[in-house]
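**Q** target.cif is reproduced in full below (mmCIF, C-alpha atoms).
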```cif
data_input
#
loop_
_atom_site.label_atom_id
_atom_site.label_comp_id
_atom_site.auth_asym_id
_atom_site.auth_seq_id
_atom_site.Cartn_x
_atom_site.Cartn_y
_atom_site.Cartn_z
CA MET A 15 29.61 5.05 -16.55
CA LYS A 16 27.80 8.17 -15.35
CA HIS A 17 24.49 6.72 -16.52
CA LEU A 18 25.22 3.40 -14.84
CA ILE A 19 25.83 5.25 -11.56
CA ALA A 20 22.54 7.12 -12.03
CA PHE A 21 20.71 3.83 -12.70
CA GLY A 22 22.26 2.17 -9.63
CA SER A 23 21.42 5.21 -7.53
CA GLY A 24 17.78 4.89 -8.64
CA VAL A 25 17.76 1.21 -7.69
CA VAL A 26 19.16 1.90 -4.20
CA PHE A 27 16.72 4.80 -3.75
CA ALA A 28 13.78 2.50 -4.54
CA MET A 29 15.10 -0.15 -2.16
CA GLY A 30 15.34 2.43 0.61
CA LEU A 31 11.78 3.62 0.01
CA VAL A 32 10.42 0.07 0.05
CA LEU A 33 12.39 -0.97 3.16
CA GLY A 34 11.17 2.15 4.95
CA GLY A 35 7.55 1.35 4.04
CA MET A 36 7.22 4.54 2.01
CA THR A 37 5.49 2.77 -0.90
CA ARG A 38 2.44 2.11 1.29
CA PRO A 39 0.31 5.27 1.15
CA ALA A 40 -1.47 4.24 4.35
CA LYS A 41 1.83 4.59 6.21
CA ILE A 42 2.43 8.08 4.79
CA LEU A 43 -1.10 9.16 5.72
CA ALA A 44 -0.58 7.68 9.21
CA PHE A 45 2.49 9.90 9.62
CA LEU A 46 0.46 12.95 8.63
CA ASP A 47 -2.44 11.87 10.87
CA VAL A 48 -1.18 13.50 14.07
CA THR A 49 -4.59 13.53 15.74
CA GLY A 50 -5.18 9.84 15.03
CA HIS A 51 -3.01 6.74 15.27
CA TRP A 52 0.28 8.50 14.49
CA ASP A 53 3.08 6.51 12.78
CA PRO A 54 6.56 8.09 13.14
CA GLY A 55 7.93 5.93 10.28
CA LEU A 56 8.43 8.75 7.77
CA ALA A 57 10.32 10.88 10.29
CA LEU A 58 12.64 7.94 11.00
CA VAL A 59 13.24 7.35 7.29
CA MET A 60 14.06 11.02 6.89
CA ALA A 61 16.35 10.89 9.92
CA GLY A 62 18.23 7.91 8.46
CA ALA A 63 18.61 9.68 5.12
CA LEU A 64 19.76 12.94 6.75
CA ILE A 65 22.32 11.17 8.93
CA VAL A 66 23.89 9.39 5.95
CA HIS A 67 23.61 12.11 3.30
CA GLY A 68 24.19 15.05 5.65
CA GLY A 69 27.17 13.27 7.18
CA ALA A 70 28.60 12.42 3.77
CA ILE A 71 28.25 16.00 2.54
CA ARG A 72 30.01 17.27 5.66
CA LEU A 73 32.83 14.74 5.24
CA LEU A 74 33.22 15.70 1.60
CA GLY A 75 33.28 19.38 2.47
CA ARG A 76 30.25 20.23 0.35
CA GLN A 77 28.39 21.83 3.20
CA ARG A 78 26.32 24.49 1.51
CA SER A 79 25.53 25.47 -2.01
CA VAL A 80 25.21 29.12 -1.01
CA SER A 81 27.69 31.45 0.58
CA LEU A 82 27.71 31.51 4.38
CA ARG A 83 27.60 35.29 4.25
CA GLU A 84 24.08 35.22 2.88
CA PRO A 85 21.26 35.09 5.39
CA MET A 86 20.08 31.51 5.74
CA PHE A 87 16.50 32.12 4.66
CA ALA A 88 17.31 34.53 1.84
CA GLY A 89 15.79 32.44 -0.92
CA VAL A 90 12.43 31.94 0.76
CA ASP A 91 9.78 33.48 -1.48
CA ALA A 92 6.07 33.28 -2.16
CA ARG A 93 6.56 30.74 -4.93
CA LEU A 94 8.38 28.34 -2.59
CA ILE A 95 5.71 28.65 0.11
CA ALA A 96 2.81 28.30 -2.34
CA GLY A 97 4.40 25.31 -4.07
CA ALA A 98 5.22 23.52 -0.82
CA GLY A 99 1.71 24.27 0.45
CA VAL A 100 0.01 22.80 -2.63
CA PHE A 101 2.40 19.84 -2.66
CA GLY A 102 1.54 19.07 0.98
CA MET A 103 -2.17 19.19 0.19
CA GLY A 104 -1.79 16.75 -2.68
CA TRP A 105 0.47 14.53 -0.58
CA GLY A 106 -2.11 14.44 2.21
CA LEU A 107 -4.86 13.55 -0.26
CA CYS A 108 -3.14 10.64 -2.02
CA GLY A 109 -0.38 9.46 0.35
CA TYR A 110 2.21 9.44 -2.43
CA CYS A 111 5.05 11.84 -3.11
CA PRO A 112 6.93 11.65 -6.44
CA GLY A 113 9.58 9.11 -5.34
CA PRO A 114 7.27 6.41 -4.01
CA ALA A 115 4.78 7.07 -6.83
CA LEU A 116 7.37 6.39 -9.54
CA THR A 117 8.72 3.40 -7.63
CA SER A 118 5.17 2.01 -7.56
CA LEU A 119 4.55 2.77 -11.24
CA CYS A 120 4.49 -0.94 -12.15
CA ALA A 121 3.03 -2.14 -8.83
CA GLY A 122 -0.68 -1.92 -9.56
CA SER A 123 -3.36 0.10 -11.27
CA VAL A 124 -4.00 2.63 -8.46
CA PRO A 125 -0.35 3.69 -7.98
CA ALA A 126 0.09 3.75 -11.76
CA VAL A 127 -2.86 6.13 -12.12
CA VAL A 128 -1.66 8.34 -9.24
CA ALA A 129 1.90 8.43 -10.64
CA SER A 130 0.55 9.39 -14.07
CA CYS A 131 -1.46 12.21 -12.51
CA MET A 132 1.69 13.39 -10.76
CA VAL A 133 3.67 13.46 -14.01
CA MET A 134 0.74 15.34 -15.56
CA GLY A 135 0.77 17.84 -12.67
CA ILE A 136 4.48 18.50 -13.22
CA GLY A 137 3.91 18.96 -16.96
CA LEU A 138 0.91 21.19 -16.28
CA HIS A 139 3.03 23.43 -14.06
CA ASP A 140 5.73 23.76 -16.69
CA THR A 141 3.14 24.59 -19.35
CA LEU A 142 1.09 27.04 -17.30
CA VAL A 143 3.76 28.68 -15.14
CA ASP A 144 7.27 28.02 -16.41
CA VAL A 145 6.87 28.50 -20.17
CA PRO A 146 4.93 31.82 -19.96
CA GLN A 147 7.38 33.07 -17.34
CA ARG A 148 10.38 32.27 -19.49
CA ARG A 149 8.70 33.93 -22.47
CA ARG A 150 8.12 37.09 -20.38
CA GLU A 151 11.73 37.11 -19.25
CA LYS A 152 12.98 36.69 -22.81
CA ARG A 153 10.82 39.61 -23.94
CA ARG A 154 12.15 41.76 -21.09
CA VAL A 155 15.73 40.97 -22.07
CA GLU A 156 14.99 41.77 -25.71
CA ARG A 157 13.36 45.06 -24.76
CA ALA A 158 16.30 45.98 -22.55
CA SER A 159 18.80 45.30 -25.32
CA THR A 160 16.88 47.36 -27.90
CA PRO A 161 18.12 50.97 -27.94
CA ALA A 162 15.53 53.53 -26.79
CA GLY A 163 13.52 55.04 -29.62
CA ALA A 164 14.47 52.32 -32.08
CA MET B 14 2.50 -3.10 25.43
CA SER B 15 3.57 -6.75 25.30
CA LEU B 16 7.09 -7.92 24.54
CA MET B 17 5.95 -9.14 21.12
CA GLU B 18 4.51 -5.75 20.26
CA ASN B 19 7.72 -4.11 21.42
CA MET B 20 9.75 -6.38 19.15
CA VAL B 21 7.56 -5.52 16.16
CA ALA B 22 7.87 -1.81 16.94
CA PHE B 23 11.65 -2.17 17.24
CA GLU B 24 11.84 -3.93 13.87
CA ASP B 25 9.83 -1.10 12.30
CA VAL B 26 12.22 1.49 13.73
CA TRP B 27 15.23 -0.41 12.41
CA LYS B 28 13.69 -0.83 8.95
CA SER B 29 12.74 2.84 8.73
CA LEU B 30 16.21 4.03 9.71
CA ALA B 31 17.91 1.55 7.37
CA GLY B 32 15.57 2.48 4.52
CA GLY B 33 16.38 6.13 5.09
CA GLY B 34 20.07 5.27 5.19
CA LEU B 35 19.79 3.66 1.74
CA ILE B 36 18.08 6.78 0.40
CA GLY B 37 20.89 8.90 1.84
CA LEU B 38 23.44 6.54 0.28
CA SER B 39 21.70 6.78 -3.09
CA ALA B 40 21.70 10.59 -2.93
CA THR B 41 25.40 10.57 -2.01
CA VAL B 42 26.33 8.21 -4.85
CA LEU B 43 24.39 10.34 -7.33
CA LEU B 44 26.03 13.53 -6.09
CA LEU B 45 29.52 12.05 -6.28
CA GLY B 46 29.03 10.18 -9.54
CA THR B 47 27.10 12.76 -11.52
CA GLY B 48 27.24 15.96 -9.48
CA ARG B 49 23.45 15.97 -9.37
CA VAL B 50 20.94 16.32 -6.54
CA ALA B 51 18.58 13.39 -5.99
CA GLY B 52 15.35 15.38 -6.09
CA ILE B 53 12.78 13.20 -7.83
CA THR B 54 10.61 16.11 -8.98
CA GLY B 55 13.59 17.92 -10.49
CA ILE B 56 14.91 14.79 -12.19
CA LEU B 57 11.50 14.03 -13.68
CA GLY B 58 10.68 17.64 -14.51
CA GLY B 59 13.93 18.11 -16.41
CA LEU B 60 13.05 15.08 -18.48
CA LEU B 61 9.61 16.43 -19.39
CA ARG B 62 10.81 19.90 -20.34
CA VAL B 63 10.77 20.26 -24.10
CA PRO B 64 14.13 21.86 -24.95
CA SER B 65 16.04 19.76 -22.43
CA GLY B 66 19.68 18.91 -22.67
CA ASP B 67 20.92 16.26 -20.26
CA THR B 68 18.18 13.66 -20.35
CA ALA B 69 20.16 10.41 -20.32
CA TRP B 70 21.19 10.37 -16.63
CA ARG B 71 17.66 11.42 -15.64
CA ALA B 72 16.13 8.60 -17.66
CA ALA B 73 18.70 6.17 -16.21
CA PHE B 74 17.93 7.17 -12.61
CA LEU B 75 14.16 6.93 -13.12
CA ALA B 76 14.53 3.61 -14.96
CA GLY B 77 16.48 2.27 -11.98
CA LEU B 78 13.80 3.52 -9.61
CA ALA B 79 10.83 2.13 -11.53
CA SER B 80 12.44 -1.19 -12.52
CA ALA B 81 13.63 -1.89 -8.97
CA GLY B 82 10.10 -1.01 -7.85
CA ALA B 83 8.62 -3.45 -10.35
CA VAL B 84 10.91 -6.28 -9.19
CA MET B 85 10.15 -5.63 -5.53
CA ALA B 86 6.41 -5.38 -6.21
CA TRP B 87 6.59 -8.85 -7.69
CA TRP B 88 8.79 -10.11 -4.85
CA VAL B 89 7.05 -8.46 -1.84
CA PRO B 90 3.64 -7.23 -3.01
CA ALA B 91 2.67 -6.40 0.59
CA ALA B 92 5.15 -3.50 0.54
CA PHE B 93 3.02 -1.81 -2.14
CA GLU B 94 -0.43 -2.30 -0.63
CA VAL B 95 -2.92 0.48 -1.25
CA THR B 96 -5.09 0.09 1.84
CA VAL B 97 -6.42 3.62 1.66
CA ASP B 98 -10.16 3.92 1.91
CA ARG B 99 -10.55 6.91 -0.37
CA PRO B 100 -12.18 7.35 -3.79
CA VAL B 101 -9.72 6.94 -6.68
CA ALA B 102 -10.84 10.35 -7.98
CA LEU B 103 -9.54 11.93 -4.75
CA LEU B 104 -6.21 10.11 -5.09
CA MET B 105 -5.96 11.39 -8.67
CA VAL B 106 -6.62 14.98 -7.60
CA GLY B 107 -4.02 14.51 -4.86
CA GLY B 108 -1.44 13.17 -7.28
CA SER B 109 -1.95 16.06 -9.69
CA LEU B 110 -1.70 18.67 -6.92
CA ALA B 111 1.40 16.97 -5.51
CA GLY B 112 3.13 17.06 -8.90
CA PHE B 113 2.11 20.66 -9.63
CA GLY B 114 3.04 21.92 -6.16
CA ALA B 115 6.34 20.09 -5.99
CA ARG B 116 7.40 21.65 -9.29
CA LEU B 117 6.19 25.11 -8.26
CA GLY B 118 8.04 24.86 -4.96
CA SER B 119 11.17 23.50 -6.70
CA GLY B 120 11.20 20.20 -4.83
CA CYS B 121 9.44 17.48 -2.89
CA THR B 122 10.23 15.21 0.03
CA SER B 123 13.49 14.01 -1.54
CA GLY B 124 14.77 17.29 -2.98
CA HIS B 125 13.91 19.57 -0.06
CA GLY B 126 13.38 17.09 2.77
CA VAL B 127 16.50 14.97 2.27
CA CYS B 128 18.98 16.69 -0.05
CA GLY B 129 18.17 20.30 0.87
CA ILE B 130 18.15 19.84 4.62
CA SER B 131 21.36 17.78 4.35
CA ARG B 132 22.90 20.86 2.72
CA LEU B 133 21.43 23.00 5.55
CA SER B 134 19.44 25.01 3.03
CA GLY B 135 17.05 27.42 4.76
CA ARG B 136 14.70 27.30 1.75
CA SER B 137 14.43 23.53 2.03
CA MET B 138 13.81 23.63 5.77
CA VAL B 139 10.99 26.12 5.28
CA ALA B 140 9.52 24.13 2.37
CA THR B 141 9.62 20.89 4.37
CA CYS B 142 7.89 22.47 7.36
CA VAL B 143 5.23 23.94 5.06
CA PHE B 144 4.42 20.73 3.17
CA VAL B 145 4.37 18.58 6.30
CA ALA B 146 2.02 21.12 7.91
CA THR B 147 -0.38 21.39 4.95
CA GLY B 148 -0.23 17.60 4.59
CA MET B 149 -1.26 17.15 8.22
CA VAL B 150 -4.10 19.65 7.89
CA THR B 151 -5.27 17.95 4.68
CA VAL B 152 -5.29 14.51 6.30
CA TYR B 153 -7.18 15.90 9.29
CA LEU B 154 -9.82 17.49 7.04
CA THR B 155 -10.05 14.45 4.77
CA ASN B 156 -10.57 12.16 7.74
CA LEU B 157 -13.41 14.44 8.80
CA GLY B 158 -14.92 13.73 5.38
CA ALA B 159 -14.34 17.20 3.97
CA PHE B 160 -13.25 16.29 0.45
CA VAL B 161 -14.91 12.94 -0.07
CA GLY B 162 -18.20 14.66 -0.87
CA LEU B 163 -16.45 16.90 -3.40
CA ALA B 164 -14.93 13.94 -5.20
CA GLY B 165 -18.40 12.42 -5.44
CA HIS B 166 -19.89 9.62 -3.39
CA ALA B 167 -20.50 7.80 -6.65
CA ALA B 168 -16.75 7.43 -7.15
CA GLN B 169 -15.59 3.97 -6.30
CA GLY B 170 -13.64 3.51 -3.10
CA VAL B 171 -10.33 1.66 -3.09
CA HIS B 172 -10.78 -1.72 -1.49
CA PRO B 173 -7.91 -3.98 -2.41
#
```
Represent the structure contained in this file as structure tokens.
**A**
Amino acid sequence: MKHLIAFGSGVVFAMGLVLGGMTRPAKILAFLDVTGHWDPGLALVMAGALIVHGGAIRLLGRQRSVSLREPMFAGVDARLIAGAGVFGMGWGLCGYCPGPALTSLCAGSVPAVVASCMVMGIGLHDTLVDVPQRRREKRRVERASTPAGA
Amino acid sequence: MSLMENMVAFEDVWKSLAGGGLIGLSATVLLLGTGRVAGITGILGGLLRVPSGDTAWRAAFLAGLASAGAVMAWWVPAAFEVTVDRPVALLMVGGSLAGFGARLGSGCTSGHGVCGISRLSGRSMVATCVFVATGMVTVYLTNLGAFVGLAGHAAQGVHP
């Protein structure tokens, strides 16, 4: 049942992206092209999503994942800024973000190639950044648990 | 602007809002049904990770996304048009950077832009502002022709 819900959620997500025109990279690039012929489409899609999802979360009482006592921007770090910065650059170069790219996976050779590159980029990050980092952390934990002088 | 143009613009506004509403609905259904956040990068990344546990719901979500996309591409091919006059090599570099950056920054347009901001996460608001800003700068520079030379003039342009 849980997997059926996940599948259905994926279907509805794809329908939303297509209806909003998000699977046409030219439309994404037109949103980012503020000095040219600007297209507000993406902002409207985001607004629609925020109204529905934000409203639903509020109604369900799942406002925030973090405690309200914490400062709002506590988790902002260099990694977040660098990642978002690089993501924006890639997004501006190809006009696809991961959702539309995967939705367009079977919609032609160009989106298929771009989506494959995106999957590769995610894998590359996990190989180059995540795995070494986890290995370092594991070593640190091991060192901390070994008694001094042992 | 003529009346006709106004009508077309109005239809675009309606479609964009409704499309966004469906995305919000999908994220809500996923959260309620599985307790998971509909961040595409996270869903995909968790599937790629080697010692990964819960892969079935991730695979199911992505299968729904890609199969619905395939059906709609067959039904309304115009919705998937790639009318971007850029070398494929540049699009490939862009795709790789987008994947790498989204994973490094723990989320993309869906994870930070929709789910995170809906949760009023400060991290997600900052991330969204940053990637929209760097995206705008990149488009500005690309339109000036900054990266096309790097990707090689020999590379074939996309002319569908």
**Q** Here is a test: counting only C-alpha atoms, which residue of B:Arg99, B:Trp27, B:Asn156, B:Gly135 is nearest to chain A?
**A**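 Answer, going by the shortest atom-to-atom distance: B:Gly135.
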**Q** As a VMD selection string, please: the residues near Met29 (chain A) (cut-off 12 Å, all atoms listed in the file, same-chain neighbours under 6 positions excluded).
**A** (chain A and resid 22 to 23 35 to 37 113 to 114 117 to 118) or (chain B and resid 28 to 29 31 to 39 77 to 86 89 92)
**Q** Give me the result of the PyMOL selection byres ((chain B and resi 43) around 10) on this file, residue by residue, as a ChimeraX atom specification.
**A** /A:16-17,19-24 /B:37-42,44-51,70,74
**Q** Just want the 9 Å neighbourhood of Ala115 (chain A), counted on all atoms listed in the file, with same-chain residues fewer than 6 positions away dropped. Output as a ChimeraX atom specification.
**A** /A:37,125-126,128-130,132 /B:108
**Q** So how many Å separate CA of Val127 (chain B) and CA of Ile71 (chain A), to one decimal?
**A** 11.8 Å
**Q** Of the residues B:Gly118, B:Ile56, B:Ile130, B:Arg62, which is the one nearest to chain A, using all atoms listed in the file?
**A**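 Distance minimum relative to chain A lands on B:Gly118.
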**Q** Please determine, counting all atoms listed in the file, which residue among B:Phe93, B:Met138, B:Trp88, B:Gly148 has the shortest atom-to-atom distance to Val32 (chain A).
**A**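 Distance minimum relative to Val32 (chain A) lands on B:Phe93.
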**Q** As JSON, what would the box around region 104-117 of chain B look like: edges along x, y and z, 4 Å added on every side, centre and edge lengths in Å to one decimal?
**A**
```
{"center_x": 0.4, "center_y": 17.6, "center_z": -7.3, "size_x": 22.0, "size_y": 23.0, "size_z": 12.8}
```
**Q** Looking at only C-alpha atoms, which of A:Tyr110, A:Phe27, A:Trp105, A:Phe45 is the one that sits closest to Ala63 (chain A)?
**A** A:Phe27
**Q** Going by the chain IDs and residue numbers used in this file, which residues fall under the PyMOL selection byres ((chain A and resi 68) around 8)? Write them as a PyMOL selection string.
**A** (chain A and resi 63-67+69-72) or (chain B and resi 37+128+130-132)
**Q** Do you have the CA of Ala76 (chain B)-CA of Ala28 (chain A) distance handy?
**A**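 Distance reported for this atom pair: 10.5 Å.
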**Q** Could you tell me how far CA of Arg157 (chain A) sits from CA of Ala88 (chain A), in Å to one decimal place?
**A** 28.9 Å
**Q** List every protein, DNA or RNA residue that has an atom no more than 10 Å from (-5.4, 17.8, -8.3) in the file's coordinate frame, counting only C-alpha atoms, and report them as a PyMOL selection string.
**A** (chain A and resi 100-101+103-104+107-108+131-132+134-135) or (chain B and resi 102-114)
**Q** Between A:Asp144, A:Phe87, A:Ala57, A:Gly75, which is the closest to chain B once you count all atoms listed in the file?
**A**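 Checking each candidate against chain B, we get A:Phe87 as the closest.
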**Q** Can you work out which one of A:Gly30, A:Gly137, A:Gly89, A:Gly55 has the shortest atom-to-atom distance to Ser134 (chain B), counting all atoms listed in the file?
**A**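 Among the listed residues, the smallest separation from Ser134 (chain B) belongs to A:Gly89.
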